[in-house]
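Asks: Contents of target03.cif (mmCIF, C-alpha atoms) are given next:
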data_final
loop_
_atom_site.label_atom_id
_atom_site.label_comp_id
_atom_site.auth_asym_id
_atom_site.auth_seq_id
_atom_site.Cartn_x
_atom_site.Cartn_y
_atom_site.Cartn_z
CA MET A 142 -18.80 -2.80 -27.31
CA GLN A 143 -19.99 -0.51 -24.55
CA THR A 144 -18.40 2.94 -24.45
CA MET A 145 -17.91 4.76 -21.14
CA SER A 146 -17.20 8.42 -20.67
CA THR A 147 -14.14 9.36 -18.64
CA ALA A 148 -16.46 10.75 -15.96
CA ALA A 149 -18.33 7.43 -15.72
CA ALA A 150 -15.04 5.51 -15.55
CA ARG A 151 -13.88 7.84 -12.81
CA ARG A 152 -17.03 7.31 -10.73
CA THR A 153 -16.76 3.56 -11.28
CA ALA A 154 -13.15 3.57 -10.06
CA LEU A 155 -14.02 5.67 -7.02
CA ALA A 156 -16.90 3.38 -6.07
CA ALA A 157 -14.68 0.30 -6.44
CA GLN A 158 -12.17 1.88 -4.06
CA GLY A 159 -14.81 2.65 -1.43
CA PHE A 160 -15.21 6.39 -1.94
CA ALA A 161 -18.92 6.06 -2.70
CA ASP A 162 -19.53 4.23 0.58
CA SER A 163 -20.89 6.24 3.49
CA ARG A 164 -18.46 6.86 6.31
CA PRO A 165 -19.15 5.40 9.76
CA THR A 166 -21.41 7.58 11.86
CA GLY A 167 -19.66 6.51 15.06
CA ARG A 168 -16.20 5.31 15.98
CA PRO A 169 -14.97 2.94 13.22
CA THR A 170 -14.74 -0.71 14.21
CA ARG A 171 -13.12 -3.90 12.96
CA GLN A 172 -16.19 -4.39 10.78
CA HIS A 173 -15.52 -1.07 9.03
CA LEU A 174 -11.88 -2.05 8.61
CA ASN A 175 -12.97 -5.27 6.92
CA ARG A 176 -15.31 -3.40 4.60
CA ALA A 177 -12.57 -0.99 3.52
CA LEU A 178 -10.11 -3.83 2.99
CA GLY A 179 -12.74 -5.54 0.88
CA ARG A 180 -12.43 -2.54 -1.44
CA THR A 181 -8.68 -1.92 -1.49
CA LYS A 182 -7.63 -5.61 -1.09
CA LEU A 183 -4.26 -4.58 0.37
CA LEU A 184 -2.36 -1.76 2.07
CA GLN A 185 1.08 -0.76 0.86
CA LEU A 186 3.81 -0.48 3.48
CA ASP A 187 6.43 2.25 3.25
CA SER A 188 9.09 3.47 5.65
CA VAL A 189 8.50 7.20 5.08
CA ASN A 190 6.92 8.72 8.18
CA VAL A 191 7.05 12.42 7.37
CA ALA A 192 3.28 12.73 7.73
CA VAL A 193 1.87 9.29 8.56
CA ARG A 194 2.91 5.79 7.56
CA ALA A 195 1.42 4.70 4.25
CA HIS A 196 -0.57 1.73 5.54
CA TYR A 197 -2.64 3.88 7.92
CA MET A 198 -3.64 6.68 5.57
CA PRO A 199 -5.87 4.92 2.98
CA LEU A 200 -8.21 3.82 5.76
CA PHE A 201 -8.39 7.37 7.11
CA SER A 202 -9.17 8.58 3.57
CA ARG A 203 -12.14 6.20 3.41
CA LEU A 204 -13.33 5.95 7.02
CA GLY A 205 -12.34 9.26 8.56
CA SER A 206 -10.80 9.35 12.03
CA TYR A 207 -10.30 5.80 13.23
CA PRO A 208 -8.06 4.25 15.88
CA ALA A 209 -4.79 3.16 14.23
CA ARG A 210 -4.82 0.31 16.72
CA LEU A 211 -7.39 -1.36 14.45
CA VAL A 212 -4.65 -1.96 11.85
CA ASP A 213 -1.99 -2.84 14.41
CA ASP A 214 -4.19 -5.45 16.06
CA ALA A 215 -5.30 -6.90 12.73
CA ALA A 216 -1.73 -7.25 11.47
CA TRP A 217 0.60 -7.61 14.43
CA ALA A 218 -1.26 -8.15 17.70
CA PRO A 219 -3.95 -10.80 17.20
CA THR A 220 -5.83 -12.39 20.06
CA ALA A 221 -8.10 -15.41 20.38
CA ALA A 222 -11.11 -13.10 20.24
CA LYS A 223 -9.71 -11.05 17.36
CA PRO A 224 -7.57 -13.29 15.15
CA ARG A 225 -5.07 -11.99 12.65
CA LEU A 226 -6.67 -10.45 9.56
CA LEU A 227 -3.56 -9.21 7.76
CA VAL A 228 -0.14 -10.60 6.96
CA GLU A 229 2.85 -9.07 5.21
CA TYR A 230 4.19 -10.04 1.82
CA TRP A 231 5.30 -8.67 -1.54
CA ALA A 232 2.06 -7.89 -3.39
CA HIS A 233 2.06 -4.33 -4.73
CA GLU A 234 5.51 -3.72 -3.28
CA ALA A 235 5.71 -4.60 0.45
CA SER A 236 2.09 -4.86 1.56
CA LEU A 237 -0.37 -5.96 4.17
CA ILE A 238 -2.71 -8.47 2.56
CA PRO A 239 -5.61 -10.49 3.97
CA VAL A 240 -4.40 -13.71 5.58
CA ARG A 241 -6.60 -15.70 3.21
CA ASP A 242 -4.69 -14.26 0.22
CA TRP A 243 -1.24 -15.46 1.34
CA PRO A 244 -1.53 -18.78 -0.56
CA LEU A 245 -2.23 -16.89 -3.79
CA LEU A 246 1.37 -15.70 -3.73
CA ARG A 247 3.14 -18.98 -3.00
CA TRP A 248 4.22 -19.22 -6.64
CA ARG A 249 6.02 -15.89 -6.15
CA MET A 250 7.74 -17.27 -3.06
CA ARG A 251 9.08 -20.18 -5.12
CA GLU A 252 10.25 -17.79 -7.83
CA HIS A 253 12.11 -15.71 -5.25
CA GLY A 254 13.77 -18.88 -3.96
CA GLY A 255 15.06 -19.88 -7.38
CA SER A 256 16.30 -16.43 -8.34
CA TRP A 257 17.89 -15.86 -4.94
CA ARG A 258 19.98 -19.00 -5.07
CA SER A 259 21.39 -18.03 -8.43
CA ARG A 260 22.15 -14.45 -7.30
CA SER A 261 23.56 -15.39 -3.90
CA ARG A 262 26.01 -18.12 -4.79
CA GLU A 263 28.90 -16.19 -3.21
CA LEU A 264 27.07 -15.77 0.09
CA LEU A 265 26.08 -19.43 0.18
CA GLU A 266 29.69 -20.45 -0.45
CA THR A 267 31.08 -18.02 2.14
CA ALA A 268 28.58 -18.88 4.88
CA PRO A 269 26.92 -22.14 3.87
CA GLY A 270 25.21 -22.59 7.24
CA LEU A 271 23.83 -19.07 7.63
CA VAL A 272 20.37 -19.84 6.20
CA ASP A 273 19.90 -22.80 8.52
CA ASP A 274 21.33 -20.84 11.44
CA VAL A 275 18.88 -17.96 10.88
CA LEU A 276 15.91 -20.32 10.66
CA ALA A 277 17.01 -22.14 13.81
CA ALA A 278 17.51 -18.86 15.69
CA VAL A 279 14.09 -17.55 14.65
CA LYS A 280 12.54 -20.83 15.77
CA ASP A 281 14.15 -20.39 19.21
CA LEU A 282 13.83 -16.61 19.61
CA GLY A 283 11.01 -15.44 17.36
CA PRO A 284 9.43 -13.07 16.81
CA VAL A 285 12.86 -11.47 16.56
CA GLY A 286 14.50 -8.59 14.70
CA ALA A 287 17.47 -8.80 12.38
CA GLY A 288 19.67 -6.85 14.81
CA THR A 289 19.10 -9.39 17.57
CA LEU A 290 19.80 -12.23 15.14
CA GLU A 291 23.06 -10.59 14.10
CA ARG A 292 24.19 -10.45 17.71
CA GLU A 293 23.08 -14.00 18.44
CA LEU A 294 24.79 -15.38 15.35
CA GLY A 295 27.94 -13.31 15.71
CA GLY A 296 27.53 -11.42 12.47
CA GLY A 297 30.76 -9.65 11.55
CA VAL A 298 32.75 -11.53 14.21
CA ARG A 299 34.49 -14.85 13.65
CA GLN A 300 33.10 -17.40 16.09
CA GLY A 301 35.78 -20.03 16.72
CA ARG A 302 36.27 -22.12 13.61
CA GLY A 303 32.85 -21.34 12.22
CA PRO A 304 32.16 -19.26 9.12
CA TRP A 305 32.58 -15.51 9.00
CA TRP A 306 30.06 -13.22 7.37
CA ASN A 307 29.36 -9.54 7.15
CA ARG A 308 26.77 -8.17 9.58
CA THR A 309 24.49 -7.15 6.74
CA ASP A 310 24.38 -10.73 5.45
CA THR A 311 22.11 -11.73 8.34
CA LYS A 312 19.57 -9.05 7.42
CA ARG A 313 19.91 -10.02 3.78
CA VAL A 314 19.17 -13.66 4.55
CA CYS A 315 16.17 -12.67 6.70
CA GLU A 316 14.67 -10.64 3.87
CA LEU A 317 15.29 -13.36 1.33
CA LEU A 318 13.74 -16.00 3.59
CA PHE A 319 10.80 -13.65 3.99
CA ALA A 320 10.49 -13.36 0.20
CA MET A 321 10.64 -17.15 -0.08
CA GLY A 322 7.87 -17.59 2.50
CA GLU A 323 10.19 -19.38 4.92
CA LEU A 324 9.85 -16.46 7.34
CA THR A 325 7.11 -13.91 7.82
CA THR A 326 6.46 -10.95 10.10
CA GLY A 327 5.26 -12.06 13.50
CA THR A 328 4.89 -8.51 14.78
CA ARG A 329 6.54 -5.12 14.56
CA LYS A 330 8.24 -3.02 17.20
CA GLY A 331 7.99 0.58 16.07
CA PHE A 332 8.44 -0.11 12.40
CA GLU A 333 11.05 -2.83 12.85
CA ARG A 334 10.01 -6.16 11.39
CA LEU A 335 10.23 -9.03 13.87
CA TYR A 336 10.54 -12.31 11.99
CA ASP A 337 8.77 -15.52 12.87
CA LEU A 338 7.97 -18.86 11.29
CA PRO A 339 4.82 -18.93 9.12
CA GLU A 340 3.41 -21.86 11.09
CA ARG A 341 3.35 -19.67 14.21
CA VAL A 342 1.66 -16.76 12.40
CA LEU A 343 -0.76 -18.26 9.88
CA PRO A 344 -3.57 -20.75 10.54
CA PRO A 345 -3.01 -24.35 9.37
CA GLU A 346 -5.81 -24.19 6.82
CA VAL A 347 -4.05 -21.25 5.11
CA LEU A 348 -0.66 -22.95 5.15
CA ALA A 349 -2.19 -26.07 3.64
CA GLN A 350 -3.34 -24.24 0.51
CA ASP A 351 -1.07 -24.14 -2.54
CA PRO A 352 -3.13 -23.38 -5.65
CA ALA A 353 -1.79 -23.89 -9.14
CA VAL A 354 -0.02 -20.84 -10.52
CA GLU A 355 -2.65 -20.20 -13.21
CA ASP A 356 -5.49 -20.42 -10.67
CA ALA A 357 -3.71 -18.12 -8.21
CA VAL A 358 -2.86 -15.51 -10.83
CA ARG A 359 -6.42 -15.54 -12.18
CA GLU A 360 -7.73 -14.97 -8.66
CA LEU A 361 -5.30 -12.07 -8.16
CA VAL A 362 -6.44 -10.47 -11.40
CA ARG A 363 -10.04 -10.97 -10.29
CA ARG A 364 -9.29 -9.15 -7.04
CA SER A 365 -7.50 -6.42 -8.96
CA ALA A 366 -10.52 -6.00 -11.25
CA GLU A 367 -12.82 -5.69 -8.24
CA ALA A 368 -10.53 -3.03 -6.76
CA HIS A 369 -10.41 -1.08 -10.04
CA GLY A 370 -13.99 -1.31 -11.26
CA VAL A 371 -12.82 -0.49 -14.77
CA ALA A 372 -9.21 -0.78 -15.88
CA THR A 373 -6.79 -1.55 -18.66
CA GLU A 374 -4.88 -4.81 -18.62
CA THR A 375 -1.80 -2.85 -17.56
CA ASP A 376 -3.71 -1.43 -14.58
CA LEU A 377 -4.88 -4.91 -13.59
CA ARG A 378 -1.36 -6.27 -13.87
CA ASP A 379 0.20 -3.53 -11.75
CA TYR A 380 -1.97 -4.04 -8.66
CA TYR A 381 -0.14 -7.26 -7.73
CA ARG A 382 2.91 -6.66 -9.94
CA LEU A 383 2.24 -9.56 -12.30
CA SER A 384 4.05 -10.29 -15.54
CA PRO A 385 2.41 -9.30 -18.86
CA GLN A 386 2.08 -12.95 -19.88
CA GLN A 387 0.41 -13.94 -16.60
CA SER A 388 -1.96 -11.00 -16.63
CA ARG A 389 -3.01 -11.26 -20.28
CA GLN A 390 -3.86 -14.94 -19.94
CA ALA A 391 -5.89 -14.33 -16.78
CA VAL A 392 -7.75 -11.38 -18.31
CA ALA A 393 -8.63 -13.47 -21.36
CA GLU A 394 -9.99 -16.24 -19.13
CA LEU A 395 -12.04 -13.78 -17.06
CA VAL A 396 -13.49 -12.25 -20.22
CA GLU A 397 -14.41 -15.73 -21.46
CA SER A 398 -16.13 -16.52 -18.15
CA GLY A 399 -18.07 -13.26 -18.27
CA GLU A 400 -16.49 -11.73 -15.17
CA LEU A 401 -14.83 -8.99 -17.22
CA GLU A 402 -16.48 -7.11 -20.05
CA PRO A 403 -14.32 -5.36 -22.67
CA VAL A 404 -15.32 -1.69 -22.88
CA ALA A 405 -14.01 1.46 -24.52
CA VAL A 406 -13.33 4.48 -22.32
CA GLU A 407 -13.33 7.83 -24.06
CA GLY A 408 -9.83 9.25 -24.19
CA TRP A 409 -8.10 5.98 -23.29
CA SER A 410 -5.84 4.57 -25.97
CA LYS A 411 -5.92 1.03 -24.55
CA GLN A 412 -8.70 -1.52 -24.23
CA ALA A 413 -10.48 -1.35 -20.86
CA TYR A 414 -12.31 -4.03 -18.88
CA LEU A 415 -15.32 -3.55 -16.64
CA HIS A 416 -15.86 -5.93 -13.74
CA ARG A 417 -19.35 -7.43 -13.84
CA ASP A 418 -20.10 -6.33 -10.26
CA ALA A 419 -18.77 -2.79 -10.70
CA ARG A 420 -21.24 0.01 -10.08
CA THR A 421 -21.26 3.50 -11.52
CA PRO A 422 -22.94 5.92 -9.12
CA ARG A 423 -24.58 9.06 -10.49
CA ALA A 424 -22.28 11.13 -8.28
CA VAL A 425 -19.53 10.64 -5.71
CA ARG A 426 -19.63 13.09 -2.81
CA GLY A 427 -17.21 13.78 -0.02
CA ARG A 428 -13.61 14.76 0.57
CA ALA A 429 -10.38 12.90 1.22
CA LEU A 430 -6.67 13.54 1.41
CA LEU A 431 -4.76 10.78 -0.39
CA CYS A 432 -1.24 9.70 0.50
CA PRO A 433 1.22 9.03 -2.35
CA PHE A 434 0.75 5.27 -1.86
CA ASP A 435 -3.04 5.19 -1.92
CA PRO A 436 -4.20 2.53 -4.39
CA LEU A 437 -6.44 5.09 -6.11
CA VAL A 438 -3.39 7.04 -7.32
CA TRP A 439 -0.31 4.83 -6.96
CA GLU A 440 -0.41 3.97 -10.69
CA ARG A 441 0.39 7.48 -11.92
CA SER A 442 -0.65 7.02 -15.55
CA ARG A 443 -4.06 5.74 -14.41
CA ALA A 444 -4.51 8.79 -12.15
CA GLU A 445 -3.77 10.97 -15.15
CA ARG A 446 -6.25 9.10 -17.37
CA LEU A 447 -9.01 9.18 -14.75
CA PHE A 448 -8.56 12.63 -13.27
CA GLY A 449 -6.35 14.59 -15.66
CA PHE A 450 -4.02 14.79 -12.66
CA ARG A 451 -0.28 14.49 -13.32
CA TYR A 452 1.27 13.18 -10.12
CA ARG A 453 4.89 12.37 -9.35
CA ILE A 454 6.39 11.77 -5.93
CA GLU A 455 9.35 14.09 -5.36
CA ILE A 456 11.04 12.52 -2.34
CA TYR A 457 14.17 11.79 -4.35
CA VAL A 458 14.15 15.09 -6.25
CA PRO A 459 16.64 17.69 -4.90
CA GLU A 460 14.70 20.34 -2.99
CA PRO A 461 15.41 23.24 -5.39
CA LYS A 462 14.00 21.18 -8.27
CA ARG A 463 10.77 20.07 -6.58
CA GLN A 464 7.63 21.43 -8.18
CA TYR A 465 5.22 20.77 -5.32
CA GLY A 466 7.12 19.38 -2.32
CA TYR A 467 8.59 16.41 -0.52
CA TYR A 468 5.46 14.41 0.43
CA VAL A 469 2.44 15.66 -1.45
CA PHE A 470 -1.16 14.55 -0.87
CA PRO A 471 -3.74 14.93 -3.66
CA PHE A 472 -7.07 16.30 -2.43
CA LEU A 473 -10.23 14.51 -3.60
CA LEU A 474 -13.48 16.48 -3.49
CA ASP A 475 -16.79 15.25 -4.89
CA GLY A 476 -15.13 12.82 -7.27
CA GLU A 477 -12.41 15.16 -8.60
CA LEU A 478 -8.80 15.77 -7.66
CA VAL A 479 -8.97 19.52 -7.13
CA GLY A 480 -5.67 20.29 -5.42
CA ARG A 481 -2.60 18.99 -3.65
CA VAL A 482 -0.82 19.81 -0.39
CA ASP A 483 2.68 19.12 0.84
CA LEU A 484 2.33 17.74 4.39
CA LYS A 485 4.59 17.16 7.37
CA ALA A 486 3.56 16.08 10.85
CA ASP A 487 5.77 18.09 13.19
CA ARG A 488 5.35 15.90 16.26
CA ALA A 489 7.70 17.98 18.41
CA ALA A 490 5.68 21.15 17.81
CA LYS A 491 2.41 19.15 17.71
CA VAL A 492 1.31 20.70 14.45
CA LEU A 493 0.48 19.51 10.94
CA ARG A 494 2.60 21.66 8.67
CA VAL A 495 1.49 22.52 5.13
CA PRO A 496 4.65 23.88 3.45
CA GLY A 497 2.80 24.23 0.14
CA ALA A 498 -0.77 24.20 -1.17
CA PHE A 499 -1.71 24.09 -4.84
CA ALA A 500 -5.04 24.26 -6.68
CA GLU A 501 -5.61 22.28 -9.86
CA PRO A 502 -6.48 24.40 -12.91
CA GLY A 503 -10.17 24.69 -13.69
CA HIS A 504 -11.52 23.98 -10.21
CA ASP A 505 -13.52 26.36 -8.04
CA LEU A 506 -11.40 27.46 -5.10
CA GLY A 507 -14.41 28.93 -3.34
CA ALA A 508 -15.93 25.49 -2.79
CA ALA A 509 -12.65 23.67 -2.29
CA VAL A 510 -10.97 25.85 0.33
CA PRO A 511 -13.28 25.25 3.32
CA GLU A 512 -13.41 21.54 2.52
CA LEU A 513 -9.60 21.31 2.29
CA ALA A 514 -9.25 23.28 5.52
CA GLY A 515 -11.68 20.89 7.20
CA ALA A 516 -9.81 17.85 5.89
CA LEU A 517 -6.48 19.19 7.16
CA THR A 518 -7.94 19.96 10.58
CA GLU A 519 -9.52 16.50 10.74
CA MET A 520 -6.19 14.88 9.85
CA ALA A 521 -4.34 16.92 12.49
CA ASP A 522 -6.86 15.83 15.12
CA TRP A 523 -6.53 12.19 14.03
CA LEU A 524 -2.75 12.38 14.38
CA GLY A 525 -3.05 13.90 17.86
CA LEU A 526 -1.69 17.29 16.77
CA ASP A 527 -2.86 20.65 18.07
CA GLY A 528 -3.59 22.27 14.74
CA VAL A 529 -2.47 23.18 11.24
CA GLU A 530 0.19 25.66 10.14
CA VAL A 531 0.15 26.72 6.50
CA GLY A 532 3.39 27.81 4.87
CA SER A 533 3.93 30.16 1.98
CA ARG A 534 4.55 27.97 -1.07
CA GLY A 535 1.92 27.39 -3.73
CA ASP A 536 -1.06 29.42 -4.88
CA ALA A 537 -1.12 32.66 -2.90
CA HIS A 538 -4.91 32.96 -2.66
CA LEU A 539 -5.27 29.32 -1.59
CA VAL A 540 -2.49 29.65 1.00
CA GLU A 541 -4.01 32.81 2.48
CA ALA A 542 -7.52 31.33 2.61
CA LEU A 543 -6.30 28.12 4.23
CA ARG A 544 -4.30 30.05 6.78
CA ALA A 545 -7.41 32.01 7.76
CA LEU A 546 -9.50 28.85 8.11
CA THR A 547 -6.99 26.73 10.06
CA PRO A 548 -6.00 28.74 13.13
CA ARG A 549 -3.75 26.83 15.50
CA ARG A 550 -5.30 26.16 18.86
#
Please, can you express the file's structure as structure tokens?

Replies:
Amino acid sequence: MQTMSTAAARRTALAAQGFADSRPTGRPTRQHLNRALGRTKLLQLDSVNVAVRAHYMPLFSRLGSYPARLVDDAAWAPTAAKPRLLVEYWAHEASLIPVRDWPLLRWRMREHGGSWRSRSRELLETAPGLVDDVLAAVKDLGPVGAGTLERELGGGVRQGRGPWWNRTDTKRVCELLFAMGELTTGTRKGFERLYDLPERVLPPEVLAQDPAVEDAVRELVRRSAEAHGVATETDLRDYYRLSPQQSRQAVAELVESGELEPVAVEGWSKQAYLHRDARTPRAVRGRALLCPFDPLVWERSRAERLFGFRYRIEIYVPEPKRQYGYYVFPFLLDGELVGRVDLKADRAAKVLRVPGAFAEPGHDLGAAVPELAGALTEMADWLGLDGVEVGSRGDAHLVEALRALTPRR
């Protein structure tokens, strides 16, 4: 069995995620978006907007400054000339996935339908017509938000002799129909999901596909392996949130077919698997700020195995108990995670605030500081902010050096 060093595994993982690819020399285009999505496979959605929404940041980390409209048009504003590339569904949490991948999750939609009916018996008995009413209203009004549907359907108000239901039940039914694949996101207004029927969002050839569960899961694990380069079975499973039984069977089949090669990675206690098309560059150069939901670091134990970087999001930790900050971005430099910064986009003051900056032990601050300052300035420019303001928390020398290198315009 081949043995890989941790450094080689790290470079393999970075290349698989697109960090060994050269950045566009000009303004990024739809072609660059497609290339990056070919690496990450999906973009996680998250409602936190303290710095930038999660689905925009991984592309900035890989492409540099790009027009966010590229993502919006690909997901929510298609045209005849530029058809929809992305659709929303539960993949790794709520995610944007390529339209062609939607059929690979139809088995999950059926599972959601079965579990929902058993959990929602009381709602179905209280308002037996609500599901049909929501579907009919979306057909007439869509794309439409849950708030509009509540008003149209009289949520919380008894309508004549009809059923009565709580206002939140309408939203609940919308989300469950979304999970079942009976509704999808037609577009978004701000960050509000506007529901529509799948047949008005997805092309007929996509809707017509319904692969067997085993085939779909194997394809998802294959995509996960491509996105990882080298990974444990647990890593592969987590990317699309598969069950252990599903993942193990698919991994075994991919090993048998030669698409995955069992390898040993120094320092890893679990068996690893190398995708046959993975490449291991001699070096990975460049810098990138990574949001907490970047696929390179969202599996925290993997980030620790690859980089020796212990990372926990502290949004739900009371402020006095936070070690690093509310919304902390790891900083990647030349293939290593060398620091982390707590970030907040203060849109009223038009400044990117850095309440705290922290260096990782054992890394040369002299090389890292100007690169981190440049990355912060680049991010501020991308977000349309006037500059960077560095606070006082963190490593004093790093904070002082960053403050000197990031004067506000």

Asks: Name the closest residue to Ala509 in chain A among the candidates A:Trp231, A:Phe472, A:Phe319, A:Phe160; distances are taken between atoms, counting only C-alpha atoms.

Replies: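 Between A:Trp231, A:Phe472, A:Phe319, A:Phe160, the residue approaching Ala509 in chain A most closely is A:Phe472.
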
Asks: What does the structure give for the distance between CA of Arg443 in chain A and CA of Arg364 in chain A, in Å to one decimal?

Replies: 17.4 Å

Asks: Written as a ChimeraX atom specification, which residues does the PyMOL selection byres ((chain A and resi 527) around 9) give for the file shown?

Replies: /A:490-493,521-522,525-526,528-529,549-550

Asks: Determine the residue set returned by the PyMOL selection byres ((chain A and resi 416-428) around 10) for the present structure, and present it as a PyMOL selection string.

Replies: chain A and resi 148-157+160-164+202-203+205+363-372+395-396+399-403+414-415+429-431+472-478+509+512-513+515-516

Asks: What would the selection look like, as a PyMOL selection string, if the PyMOL selection byres ((chain A and resi 192) around 10) were run on the coordinates I just shared?

Replies: chain A and resi 189-191+193-195+198+432+468-470+483-488+493-494+520-521+524

Asks: Expressed in Å to a single decimal, how great is the separation between CA of Trp439 in chain A and CA of Leu343 in chain A?

Replies: 28.6 Å

Asks: Between A:Leu245, A:Val358, A:Leu271, A:Val392, which residue has the minimum interatomic distance to Cys315 in chain A, considering all atoms listed in the file?

Replies: A:Leu271

Asks: Can you work out which one of A:Tyr457, A:Thr267, A:Gln386, A:Thr147 has the shortest atom-to-atom distance to Glu445 in chain A, counting only C-alpha atoms?

Replies: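 Checking each of A:Tyr457, A:Thr267, A:Gln386, A:Thr147 against Glu445 in chain A, counting only C-alpha atoms, the winner is A:Thr147.
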
Asks: Mind pulling up the distance from CA of Glu323 in chain A to CA of Leu348 in chain A?

Replies: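 Answer for the CA of Leu348 in chain A to CA of Glu323 in chain A separation: 11.4 Å.
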
Asks: Which residue, A:Val404, A:Gly331, A:Asp274, A:Glu501, has the smallest gap to Met142 in chain A when you use all atoms listed in the file?

Replies: A:Val404

Asks: Return the padded bounding box of range 321-334 of chain A as AutoDock Vina command-line options: axis-aligned, built from all atoms listed in the file, 4 Å added on each side, with centre and edge lengths in Å to one decimal.

Replies:
--center_x 8.0 --center_y -9.4 --center_z 8.6 --size_x 14.2 --size_y 28.0 --size_z 25.3

Asks: At a cut-off of 10 Å from (-10.5, 5.1, -25.3) in the coordinates of the file, what residues are picked up using all atoms listed in the file, written as a PyMOL selection string?

Replies: chain A and resi 144-147+404-413+446

Asks: Take the residues that were just selected and, keeping C-alpha atoms, output them as a short mmCIF file (atom, residue, chain, number, x, y, z; two decimals), in the frame of the given file.

Replies:
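Result saved to out-v4.cif:
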data_model
loop_
_atom_site.label_atom_id
_atom_site.label_comp_id
_atom_site.auth_asym_id
_atom_site.auth_seq_id
_atom_site.Cartn_x
_atom_site.Cartn_y
_atom_site.Cartn_z
CA THR A 144 -18.40 2.94 -24.45
CA MET A 145 -17.91 4.76 -21.14
CA SER A 146 -17.20 8.42 -20.67
CA THR A 147 -14.14 9.36 -18.64
CA VAL A 404 -15.32 -1.69 -22.88
CA ALA A 405 -14.01 1.46 -24.52
CA VAL A 406 -13.33 4.48 -22.32
CA GLU A 407 -13.33 7.83 -24.06
CA GLY A 408 -9.83 9.25 -24.19
CA TRP A 409 -8.10 5.98 -23.29
CA SER A 410 -5.84 4.57 -25.97
CA LYS A 411 -5.92 1.03 -24.55
CA GLN A 412 -8.70 -1.52 -24.23
CA ALA A 413 -10.48 -1.35 -20.86
CA ARG A 446 -6.25 9.10 -17.37
#

Asks: Using only C-alpha atoms for the distances, tell me which of A:Glu346, A:Gly167, A:Trp243, A:Gly322 is nearest to Pro208 in chain A.

Replies: A:Gly167

Asks: Could you tell me which of A:Val482, A:Ala393, A:Val362, A:Ile456 comes closest to Tyr380 in chain A if we count all atoms listed in the file?

Replies: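 That would be A:Val362, the residue with the smallest distance to Tyr380 in chain A.
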
Asks: Residues at most 12 Å from His233 in chain A, counting only C-alpha atoms, excluding those fewer than 6 positions away in the same chain, as an mmCIF file with C-alpha atoms, in the frame of the given file?

Replies:
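Output contents, as saved in around.cif:
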data_model
loop_
_atom_site.group_PDB
_atom_site.id
_atom_site.type_symbol
_atom_site.label_atom_id
_atom_site.label_comp_id
_atom_site.auth_asym_id
_atom_site.auth_seq_id
_atom_site.Cartn_x
_atom_site.Cartn_y
_atom_site.Cartn_z
ATOM 1 C CA THR A 181 -8.680 -1.920 -1.490
ATOM 2 C CA LYS A 182 -7.630 -5.610 -1.090
ATOM 3 C CA LEU A 183 -4.260 -4.580 0.370
ATOM 4 C CA LEU A 184 -2.360 -1.760 2.070
ATOM 5 C CA GLN A 185 1.080 -0.760 0.860
ATOM 6 C CA LEU A 186 3.810 -0.480 3.480
ATOM 7 C CA ASP A 187 6.430 2.250 3.250
ATOM 8 C CA LEU A 246 1.370 -15.700 -3.730
ATOM 9 C CA LEU A 361 -5.300 -12.070 -8.160
ATOM 10 C CA SER A 365 -7.500 -6.420 -8.960
ATOM 11 C CA ASP A 376 -3.710 -1.430 -14.580
ATOM 12 C CA LEU A 377 -4.880 -4.910 -13.590
ATOM 13 C CA ARG A 378 -1.360 -6.270 -13.870
ATOM 14 C CA ASP A 379 0.200 -3.530 -11.750
ATOM 15 C CA TYR A 380 -1.970 -4.040 -8.660
ATOM 16 C CA TYR A 381 -0.140 -7.260 -7.730
ATOM 17 C CA ARG A 382 2.910 -6.660 -9.940
ATOM 18 C CA LEU A 383 2.240 -9.560 -12.300
ATOM 19 C CA PHE A 434 0.750 5.270 -1.860
ATOM 20 C CA ASP A 435 -3.040 5.190 -1.920
ATOM 21 C CA PRO A 436 -4.200 2.530 -4.390
ATOM 22 C CA TRP A 439 -0.310 4.830 -6.960
ATOM 23 C CA GLU A 440 -0.410 3.970 -10.690
#

Asks: Would you pick out the contacts of Glu455 in chain A at 8 Å or less, using only C-alpha atoms, so that residues sharing its chain but fewer than 3 positions from it are not included, and give the list as a ChimeraX atom specification?

Replies: /A:458,463,465-468
